[in-house]
$ cat start-v7.pdb   # PDB, C-alpha atoms and all ligand atoms
ATOM      1  CA  MET V   1     135.303  82.069 -37.128
ATOM      2  CA  GLY V   2     136.595  82.794 -40.616
ATOM      3  CA  ASP V   3     133.781  85.218 -41.356
ATOM      4  CA  LYS V   4     134.481  87.219 -38.196
ATOM      5  CA  ARG V   5     136.630  90.127 -39.210
ATOM      6  CA  ALA V   6     140.195  89.935 -38.008
ATOM      7  CA  THR V   7     141.113  92.551 -35.424
ATOM      8  CA  LEU V   8     144.572  93.487 -34.198
ATOM      9  CA  THR V   9     145.475  95.821 -31.348
ATOM     10  CA  LEU V  10     148.321  98.044 -32.544
ATOM     11  CA  GLY V  11     149.797 100.706 -30.315
ATOM     12  CA  GLY V  12     146.811 100.503 -27.992
ATOM     13  CA  ARG V  13     144.338 100.988 -30.857
ATOM     14  CA  SER V  14     142.059  98.241 -32.054
ATOM     15  CA  CYS V  15     142.381  97.917 -35.839
ATOM     16  CA  VAL V  16     139.699  96.122 -37.824
ATOM     17  CA  LEU V  17     141.650  94.683 -40.724
ATOM     18  CA  ASP V  18     138.934  95.377 -43.279
ATOM     19  CA  ARG V  19     141.487  96.195 -45.971
ATOM     20  CA  PRO V  20     144.948  94.770 -46.576
ATOM     21  CA  TYR V  21     147.620  96.328 -44.377
ATOM     22  CA  VAL V  22     151.138  96.852 -45.660
ATOM     23  CA  MET V  23     154.188  96.262 -43.452
ATOM     24  CA  GLY V  24     157.356  97.836 -44.868
ATOM     25  CA  VAL V  25     160.637  96.009 -44.233
ATOM     26  CA  VAL V  26     163.582  98.056 -42.978
ATOM     27  CA  ASN V  27     166.799  96.221 -42.203
ATOM     28  CA  VAL V  28     169.263  98.167 -40.110
ATOM     29  CA  THR V  29     172.792  97.419 -41.191
ATOM     30  CA  PRO V  30     175.875  98.398 -39.173
ATOM     31  CA  ASP V  31     176.749 102.103 -39.140
ATOM     32  CA  SER V  32     179.421 102.791 -41.698
ATOM     33  CA  PHE V  33     180.199 105.357 -44.316
ATOM     34  CA  SER V  34     180.493 103.530 -47.581
ATOM     35  CA  GLY V  35     182.343 106.431 -49.136
ATOM     36  CA  ASP V  36     180.003 106.647 -52.113
ATOM     37  CA  GLY V  37     177.641 109.178 -50.600
ATOM     38  CA  GLN V  38     175.516 106.656 -48.706
ATOM     39  CA  LEU V  39     174.181 107.703 -45.343
ATOM     40  CA  PRO V  40     175.227 105.781 -42.232
ATOM     41  CA  GLY V  41     172.944 102.983 -41.018
ATOM     42  CA  PHE V  42     170.589 104.897 -38.770
ATOM     43  CA  GLU V  43     170.035 107.925 -40.989
ATOM     44  CA  GLN V  44     169.599 105.767 -44.079
ATOM     45  CA  SER V  45     167.127 103.436 -42.352
ATOM     46  CA  LEU V  46     165.110 106.313 -40.881
ATOM     47  CA  LYS V  47     164.840 107.914 -44.296
ATOM     48  CA  GLU V  48     163.770 104.618 -45.874
ATOM     49  CA  ALA V  49     161.146 104.045 -43.199
ATOM     50  CA  LEU V  50     159.657 107.537 -43.431
ATOM     51  CA  THR V  51     159.492 107.245 -47.219
ATOM     52  CA  MET V  52     157.601 103.977 -46.799
ATOM     53  CA  ILE V  53     155.123 105.704 -44.478
ATOM     54  CA  ASP V  54     154.670 108.499 -47.064
ATOM     55  CA  ASP V  55     154.095 105.794 -49.656
ATOM     56  CA  GLY V  56     151.245 104.285 -47.630
ATOM     57  CA  ALA V  57     152.813 101.674 -45.335
ATOM     58  CA  ASP V  58     150.661 100.979 -42.264
ATOM     59  CA  MET V  59     153.626  99.885 -40.177
ATOM     60  CA  ILE V  60     157.381  99.393 -40.359
ATOM     61  CA  ASP V  61     159.124  96.129 -39.508
ATOM     62  CA  VAL V  62     162.583  96.922 -38.123
ATOM     63  CA  GLY V  63     165.158  94.119 -38.223
ATOM     64  CA  GLY V  64     168.757  94.066 -37.002
ATOM     65  CA  GLU V  65     169.711  90.462 -37.712
ATOM     66  CA  SER V  66     169.448  88.733 -41.067
ATOM     67  CA  SER V  67     167.559  85.444 -41.041
ATOM     68  CA  ARG V  68     168.712  84.493 -44.512
ATOM     69  CA  PRO V  69     170.420  81.115 -44.841
ATOM     70  CA  GLY V  70     174.136  81.497 -44.090
ATOM     71  CA  ALA V  71     173.892  84.888 -42.368
ATOM     72  CA  SER V  72     176.140  85.328 -39.347
ATOM     73  CA  PRO V  73     174.526  85.721 -35.924
ATOM     74  CA  VAL V  74     174.461  89.056 -34.089
ATOM     75  CA  SER V  75     174.883  89.571 -30.325
ATOM     76  CA  ASP V  76     172.100  91.020 -28.146
ATOM     77  CA  ASP V  77     174.102  94.236 -27.660
ATOM     78  CA  GLU V  78     174.844  94.663 -31.335
ATOM     79  CA  GLU V  79     171.222  94.032 -32.345
ATOM     80  CA  LEU V  80     170.024  96.543 -29.729
ATOM     81  CA  ARG V  81     172.542  99.097 -30.956
ATOM     82  CA  ARG V  82     171.169  98.696 -34.488
ATOM     83  CA  VAL V  83     167.426  98.668 -33.902
ATOM     84  CA  LEU V  84     166.701 100.742 -30.777
ATOM     85  CA  PRO V  85     167.527 104.219 -32.150
ATOM     86  CA  LEU V  86     165.279 103.575 -35.137
ATOM     87  CA  VAL V  87     162.424 102.196 -33.023
ATOM     88  CA  GLU V  88     162.618 105.298 -30.803
ATOM     89  CA  ALA V  89     162.779 107.723 -33.718
ATOM     90  CA  LEU V  90     159.851 106.119 -35.541
ATOM     91  CA  ALA V  91     157.675 105.695 -32.446
ATOM     92  CA  ALA V  92     158.312 109.375 -31.565
ATOM     93  CA  ARG V  93     156.884 110.269 -34.982
ATOM     94  CA  GLY V  94     153.750 108.198 -34.361
ATOM     95  CA  VAL V  95     154.746 105.359 -36.675
ATOM     96  CA  VAL V  96     153.468 101.872 -35.819
ATOM     97  CA  VAL V  97     156.687  99.911 -35.339
ATOM     98  CA  SER V  98     157.142  96.151 -35.468
ATOM     99  CA  VAL V  99     160.476  94.636 -34.447
ATOM    100  CA  ASP V 100     161.729  91.494 -36.193
ATOM    101  CA  THR V 101     163.644  89.699 -33.443
ATOM    102  CA  VAL V 102     163.918  86.370 -31.636
ATOM    103  CA  LYS V 103     165.734  87.834 -28.602
ATOM    104  CA  PRO V 104     163.795  88.544 -25.385
ATOM    105  CA  THR V 105     166.165  91.372 -24.347
ATOM    106  CA  VAL V 106     165.646  93.085 -27.695
ATOM    107  CA  MET V 107     161.875  92.544 -27.419
ATOM    108  CA  GLN V 108     161.788  94.133 -23.952
ATOM    109  CA  ALA V 109     163.888  97.147 -24.944
ATOM    110  CA  ALA V 110     161.916  97.635 -28.165
ATOM    111  CA  ILE V 111     158.600  97.529 -26.303
ATOM    112  CA  ASP V 112     159.918 100.036 -23.755
ATOM    113  CA  ALA V 113     160.993 102.250 -26.677
ATOM    114  CA  GLY V 114     157.468 102.216 -28.142
ATOM    115  CA  ALA V 115     157.298  99.214 -30.480
ATOM    116  CA  ALA V 116     153.680  98.202 -31.145
ATOM    117  CA  MET V 117     154.448  94.696 -32.376
ATOM    118  CA  ILE V 118     156.982  91.920 -31.964
ATOM    119  CA  ASN V 119     157.551  89.913 -35.140
ATOM    120  CA  ASP V 120     159.226  86.659 -34.131
ATOM    121  CA  ILE V 121     160.227  84.077 -36.741
ATOM    122  CA  GLN V 122     160.542  81.629 -33.805
ATOM    123  CA  ALA V 123     157.025  82.347 -32.507
ATOM    124  CA  LEU V 124     158.234  83.312 -28.990
ATOM    125  CA  GLN V 125     159.852  79.925 -28.346
ATOM    126  CA  ALA V 126     163.034  81.380 -26.806
ATOM    127  CA  PRO V 127     162.961  81.132 -22.994
ATOM    128  CA  GLU V 128     161.382  84.317 -21.533
ATOM    129  CA  ALA V 129     160.153  85.601 -24.915
ATOM    130  CA  LEU V 130     156.541  84.742 -24.150
ATOM    131  CA  ALA V 131     156.792  86.268 -20.665
ATOM    132  CA  VAL V 132     158.194  89.534 -22.048
ATOM    133  CA  VAL V 133     155.349  89.893 -24.531
ATOM    134  CA  ALA V 134     152.709  88.728 -22.045
ATOM    135  CA  ARG V 135     153.495  91.493 -19.543
ATOM    136  CA  SER V 136     153.338  94.157 -22.284
ATOM    137  CA  GLN V 137     150.535  95.489 -24.443
ATOM    138  CA  ALA V 138     152.367  94.753 -27.686
ATOM    139  CA  ALA V 139     150.910  92.757 -30.544
ATOM    140  CA  VAL V 140     152.848  89.742 -31.768
ATOM    141  CA  CYS V 141     153.270  87.921 -35.064
ATOM    142  CA  LEU V 142     153.836  84.196 -34.583
ATOM    143  CA  MET V 143     155.641  82.701 -37.571
ATOM    144  CA  HIS V 144     156.243  79.076 -38.444
ATOM    145  CA  MET V 145     159.761  77.938 -39.265
ATOM    146  CA  GLN V 146     161.106  74.413 -39.643
ATOM    147  CA  GLY V 147     164.667  74.158 -38.329
ATOM    148  CA  ALA V 148     167.011  77.125 -37.893
ATOM    149  CA  PRO V 149     167.863  79.804 -40.476
ATOM    150  CA  ARG V 150     171.378  78.534 -41.179
ATOM    151  CA  THR V 151     170.241  75.069 -42.294
ATOM    152  CA  MET V 152     166.470  75.287 -42.776
ATOM    153  CA  GLN V 153     166.610  75.136 -46.592
ATOM    154  CA  ASP V 154     168.873  72.064 -46.738
ATOM    155  CA  ALA V 155     166.135  69.463 -47.144
ATOM    156  CA  PRO V 156     162.891  70.385 -45.403
ATOM    157  CA  VAL V 157     160.473  67.472 -44.993
ATOM    158  CA  TYR V 158     156.811  67.416 -43.968
ATOM    159  CA  GLY V 159     154.089  64.786 -43.942
ATOM    160  CA  ASP V 160     151.340  67.348 -44.545
ATOM    161  CA  VAL V 161     152.835  70.837 -44.574
ATOM    162  CA  LEU V 162     149.524  72.689 -44.199
ATOM    163  CA  ALA V 163     148.328  70.531 -41.307
ATOM    164  CA  GLU V 164     151.667  70.789 -39.520
ATOM    165  CA  VAL V 165     151.973  74.555 -39.912
ATOM    166  CA  LYS V 166     148.368  75.029 -38.842
ATOM    167  CA  ALA V 167     148.776  72.834 -35.746
ATOM    168  CA  PHE V 168     151.985  74.634 -34.765
ATOM    169  CA  LEU V 169     150.497  78.123 -35.124
ATOM    170  CA  LEU V 170     147.346  77.164 -33.239
ATOM    171  CA  ALA V 171     149.380  75.618 -30.411
ATOM    172  CA  ARG V 172     151.535  78.742 -30.116
ATOM    173  CA  ALA V 173     148.473  81.019 -30.152
ATOM    174  CA  ASN V 174     146.883  78.886 -27.430
ATOM    175  CA  ALA V 175     150.071  79.055 -25.345
ATOM    176  CA  LEU V 176     150.004  82.844 -25.603
ATOM    177  CA  GLU V 177     146.354  83.083 -24.652
ATOM    178  CA  THR V 178     146.988  80.804 -21.666
ATOM    179  CA  ALA V 179     149.768  83.214 -20.635
ATOM    180  CA  GLY V 180     147.305  86.085 -20.737
ATOM    181  CA  VAL V 181     147.871  87.527 -24.209
ATOM    182  CA  ALA V 182     144.522  88.644 -25.601
ATOM    183  CA  ARG V 183     143.486  87.074 -28.876
ATOM    184  CA  GLU V 184     143.318  90.525 -30.468
ATOM    185  CA  ARG V 185     147.072  90.923 -29.991
ATOM    186  CA  ILE V 186     148.016  87.839 -32.004
ATOM    187  CA  ALA V 187     148.714  87.490 -35.735
ATOM    188  CA  LEU V 188     149.818  84.290 -37.488
ATOM    189  CA  ASP V 189     152.198  83.712 -40.395
ATOM    190  CA  PRO V 190     152.978  80.442 -42.225
ATOM    191  CA  GLY V 191     156.555  81.638 -42.794
ATOM    192  CA  PHE V 192     157.042  81.329 -46.535
ATOM    193  CA  GLY V 193     160.590  80.204 -47.300
ATOM    194  CA  PHE V 194     161.457  79.244 -43.734
ATOM    195  CA  GLY V 195     162.298  75.548 -43.996
ATOM    196  CA  LYS V 196     160.076  75.065 -47.043
ATOM    197  CA  THR V 197     160.591  73.913 -50.608
ATOM    198  CA  VAL V 198     158.841  75.579 -53.537
ATOM    199  CA  ALA V 199     156.182  72.849 -53.351
ATOM    200  CA  HIS V 200     155.686  73.455 -49.615
ATOM    201  CA  ASN V 201     155.266  77.202 -50.171
ATOM    202  CA  LEU V 202     152.718  76.592 -52.930
ATOM    203  CA  ALA V 203     150.785  74.114 -50.776
ATOM    204  CA  LEU V 204     150.664  76.688 -47.963
ATOM    205  CA  MET V 205     149.365  79.327 -50.381
ATOM    206  CA  HIS V 206     146.596  77.024 -51.558
ATOM    207  CA  GLY V 207     145.738  76.298 -47.929
ATOM    208  CA  LEU V 208     145.891  79.922 -46.789
ATOM    209  CA  PRO V 209     142.071  80.186 -46.469
ATOM    210  CA  GLU V 210     142.215  77.336 -43.953
ATOM    211  CA  LEU V 211     144.741  79.291 -41.876
ATOM    212  CA  ALA V 212     142.646  82.467 -42.176
ATOM    213  CA  ALA V 213     139.682  80.476 -40.882
ATOM    214  CA  LEU V 214     141.459  80.109 -37.527
ATOM    215  CA  GLY V 215     140.212  83.658 -36.927
ATOM    216  CA  TYR V 216     143.540  85.382 -36.273
ATOM    217  CA  PRO V 217     144.907  88.089 -38.533
ATOM    218  CA  LEU V 218     147.173  86.502 -41.116
ATOM    219  CA  LEU V 219     150.493  87.966 -42.236
ATOM    220  CA  ALA V 220     152.188  86.860 -45.467
ATOM    221  CA  GLY V 221     155.800  87.555 -46.396
ATOM    222  CA  TRP V 222     156.524  86.737 -50.019
ATOM    223  CA  SER V 223     158.599  89.778 -50.929
ATOM    224  CA  ARG V 224     161.632  88.908 -53.111
ATOM    225  CA  LYS V 225     161.816  85.336 -51.827
ATOM    226  CA  SER V 226     163.539  82.436 -53.579
ATOM    227  CA  THR V 227     160.343  80.693 -54.634
ATOM    228  CA  LEU V 228     159.583  83.779 -56.749
ATOM    229  CA  GLY V 229     163.046  83.449 -58.259
ATOM    230  CA  HIS V 230     162.297  79.810 -58.997
ATOM    231  CA  LEU V 231     158.993  80.682 -60.693
ATOM    232  CA  THR V 232     160.371  83.571 -62.786
ATOM    233  CA  GLY V 233     164.081  82.869 -63.195
ATOM    234  CA  ARG V 234     164.790  86.344 -61.786
ATOM    235  CA  ALA V 235     167.550  87.434 -59.407
ATOM    236  CA  VAL V 236     166.564  88.848 -56.017
ATOM    237  CA  ASP V 237     166.656  92.503 -57.151
ATOM    238  CA  GLU V 238     164.445  91.757 -60.176
ATOM    239  CA  ARG V 239     161.505  90.226 -58.350
ATOM    240  CA  LEU V 240     159.266  93.294 -57.943
ATOM    241  CA  ALA V 241     156.470  92.170 -60.266
ATOM    242  CA  ALA V 242     156.616  88.656 -58.864
ATOM    243  CA  SER V 243     156.477  90.013 -55.311
ATOM    244  CA  ILE V 244     153.448  92.193 -56.053
ATOM    245  CA  ALA V 245     151.633  89.281 -57.681
ATOM    246  CA  ALA V 246     152.394  87.105 -54.653
ATOM    247  CA  SER V 247     151.124  89.745 -52.210
ATOM    248  CA  LEU V 248     147.888  90.137 -54.167
ATOM    249  CA  ALA V 249     147.435  86.367 -54.335
ATOM    250  CA  ALA V 250     147.996  86.105 -50.586
ATOM    251  CA  VAL V 251     145.416  88.821 -49.890
ATOM    252  CA  ALA V 252     142.962  87.100 -52.232
ATOM    253  CA  ARG V 253     143.396  83.947 -50.133
ATOM    254  CA  GLY V 254     142.876  85.662 -46.784
ATOM    255  CA  ALA V 255     146.080  87.422 -45.762
ATOM    256  CA  ASN V 256     145.386  90.647 -43.828
ATOM    257  CA  ILE V 257     148.934  92.035 -43.716
ATOM    258  CA  VAL V 258     151.663  91.753 -46.342
ATOM    259  CA  ARG V 259     155.307  92.217 -45.393
ATOM    260  CA  VAL V 260     157.097  93.877 -48.315
ATOM    261  CA  HIS V 261     160.276  95.680 -49.317
ATOM    262  CA  ASP V 262     158.618  97.663 -52.144
ATOM    263  CA  VAL V 263     155.913  99.628 -50.364
ATOM    264  CA  ARG V 264     154.957 102.218 -52.968
ATOM    265  CA  GLU V 265     154.376  99.689 -55.739
ATOM    266  CA  THR V 266     152.558  97.246 -53.454
ATOM    267  CA  VAL V 267     150.262  99.945 -52.036
ATOM    268  CA  ASP V 268     149.382 101.094 -55.575
ATOM    269  CA  ALA V 269     148.655  97.540 -56.682
ATOM    270  CA  LEU V 270     146.516  96.796 -53.612
ATOM    271  CA  ARG V 271     144.534 100.047 -53.962
ATOM    272  CA  VAL V 272     143.658  99.311 -57.571
ATOM    273  CA  TRP V 273     143.032  95.629 -56.952
ATOM    274  CA  CYS V 274     140.719  96.375 -53.977
ATOM    275  CA  ALA V 275     138.791  98.989 -55.954
ATOM    276  CA  LEU V 276     138.334  96.640 -58.895
ATOM    277  CA  THR V 277     137.417  93.376 -57.172
TER     278      THR V 277
HETATM  279  C1  LIG V 301     158.166  86.512 -43.097
HETATM  280  O1  LIG V 301     157.864  85.908 -44.122
HETATM  281  N1  LIG V 301     160.617  87.011 -43.580
HETATM  282  S1  LIG V 301     163.199  87.841 -43.236
HETATM  283  C2  LIG V 301     165.129  85.781 -48.512
HETATM  284  C3  LIG V 301     164.929  86.546 -49.654
HETATM  285  C4  LIG V 301     164.137  87.676 -49.594
HETATM  286  C5  LIG V 301     163.574  88.041 -48.408
HETATM  287  C6  LIG V 301     166.371  85.312 -51.070
HETATM  288  N2  LIG V 301     161.018  88.021 -41.648
HETATM  289  C7  LIG V 301     159.477  87.015 -42.846
HETATM  290  O2  LIG V 301     162.416  88.724 -45.987
HETATM  291  N3  LIG V 301     158.791  87.856 -40.702
HETATM  292  C8  LIG V 301     161.538  87.609 -42.814
HETATM  293  O3  LIG V 301     165.420  86.259 -50.871
HETATM  294  C9  LIG V 301     159.727  87.664 -41.653
HETATM  295  N4  LIG V 301     157.251  86.718 -42.102
HETATM  296  C10 LIG V 301     157.556  87.383 -40.940
HETATM  297  N5  LIG V 301     156.586  87.538 -40.035
HETATM  298  C11 LIG V 301     163.413  86.957 -44.778
HETATM  299  C12 LIG V 301     163.136  87.754 -45.999
HETATM  300  C13 LIG V 301     163.771  87.311 -47.264
HETATM  301  C14 LIG V 301     164.556  86.180 -47.321
END
$ encode --input "start-v7.pdb" --output "structure tokens"
Amino acid sequence: MGDKRATLTLGGRSCVLDRPYVMGVVNVTPDSFSGDGQLPGFEQSLKEALTMIDDGADMIDVGGESSRPGASPVSDDEELRRVLPLVEALAARGVVVSVDTVKPTVMQAAIDAGAAMINDIQALQAPEALAVVARSQAAVCLMHMQGAPRTMQDAPVYGDVLAEVKAFLLARANALETAGVARERIALDPGFGFGKTVAHNLALMHGLPELAALGYPLLAGWSRKSTLGHLTGRAVDERLAASIAASLAAVARGANIVRVHDVRETVDALRVWCALT
């Protein structure tokens, strides 16, 4: 299985993931003029996303609710108001759009607006989430998380983190396939930093080839995360080099898609690294 090349159907097209794909992260914050020349939410986010595409991103992950520990929850209506205009604008320009959401109503509206992928940190466990995706043609990224964002980093405990994450992801993938979602529409993600200590994240990295061997495309999100701060002593806005190193390491261990904030630098690094290895 592991030697079969991972394939993912994106926007109705079958993509053989024979090189690392880069997913650019765009968070849509509430519309507001900051008074210091910053554009309002939508315009700013659209500009960021289109720059990422120019810089070589293969897709854009649009998120309207922060999943960082301590972040306040957002209503369905508010999340829709934030993400839908951007999904529409990007899809109209032919951009492959992923939507980072756990809400079935947001998933449905995003798919109707042209989203090619649903990126769910809860792996479609909300009631109706699986049904919404199953009756669409969208791809889906199933991510592992222990606990809920607000408290997940308090004291995560596993017996065998790799075995547990692997069993969870495989069970979710099987549930989707039983519901009629073709295998080619499913990607898996161990969820670095989501209810995991530094040691758990490192164990998952070492075991990444075992997850890749499940035969599904593998997505890795290391960009700017706390474990990189722990390893380097750097604050969140000083983790570029650490993030690039982590993305390369993930690709070396079998990741097919990396989710990153710094697209231009990551694309450069991956191009050189692929040419030289
Ligand atoms: C992911 O890994 N992550 S949102 C804390 C940070 C920096 C970044 C303290 N959505 C993932 O990016 N979706 C997020 O520094 C995701 N995989 C998938 N599939 C968290 C995030 C971040 C959190």
$ axis_aligned_box --input "start-v7.pdb" --around "ligand LIG 301 (chain V)" --padding-each-side "8 Å" --output "AutoDock Vina command-line options"
--center_x 161.5 --center_y 87.0 --center_z -45.6 --size_x 25.8 --size_y 19.4 --size_z 27.0
$ residues_near_ligand --input "start-v7.pdb" --ligand "ligand LIG 301 (chain V)" --cutoff "10 Å" --atoms "only C-alpha atoms and all ligand atoms" --output "PyMOL selection string"
chain V and resi 23+25-27+61-63+65-69+98-101+118-123+140-145+149+187-194+218-229+235-237+239+243+257-261
$ residues_near_point --input "start-v7.pdb" --point "(145.3, 76.3, -38.6)" --cutoff "10 Å" --atoms "only C-alpha atoms" --output "MDAnalysis selection string"
chainID V and resid 162:171 188 190 207:216
$ resolve_selection --input "start-v7.pdb" --expression "the PyMOL selection byres (((chain V and resi 131-135) around 9) and not hetatm)" --output "ChimeraX atom specification"
/V:104-105,107-108,111,118,124,127-130,136-140,176-177,179-182
$ resolve_selection --input "start-v7.pdb" --expression "the PyMOL selection byres (((chain V and resi 13-17) around 10) and not hetatm)" --output "PyMOL selection string"
chain V and resi 5-12+18-21+116+184-185+217-218+255-257
$ atom_distance --input "start-v7.pdb" --atom1 "CA of Gly114 in chain V" --atom2 "CA of Glu88 in chain V"
6.6 Å
$ atom_distance --input "start-v7.pdb" --atom1 "CA of Val106 in chain V" --atom2 "CA of Arg93 in chain V"
20.6 Å
$ closest_residue --input "start-v7.pdb" --among "V:Ala246, V:Val263, V:Val83, V:Leu270" --to "Met52 in chain V" --atoms "all atoms listed in the file"
V:Val263
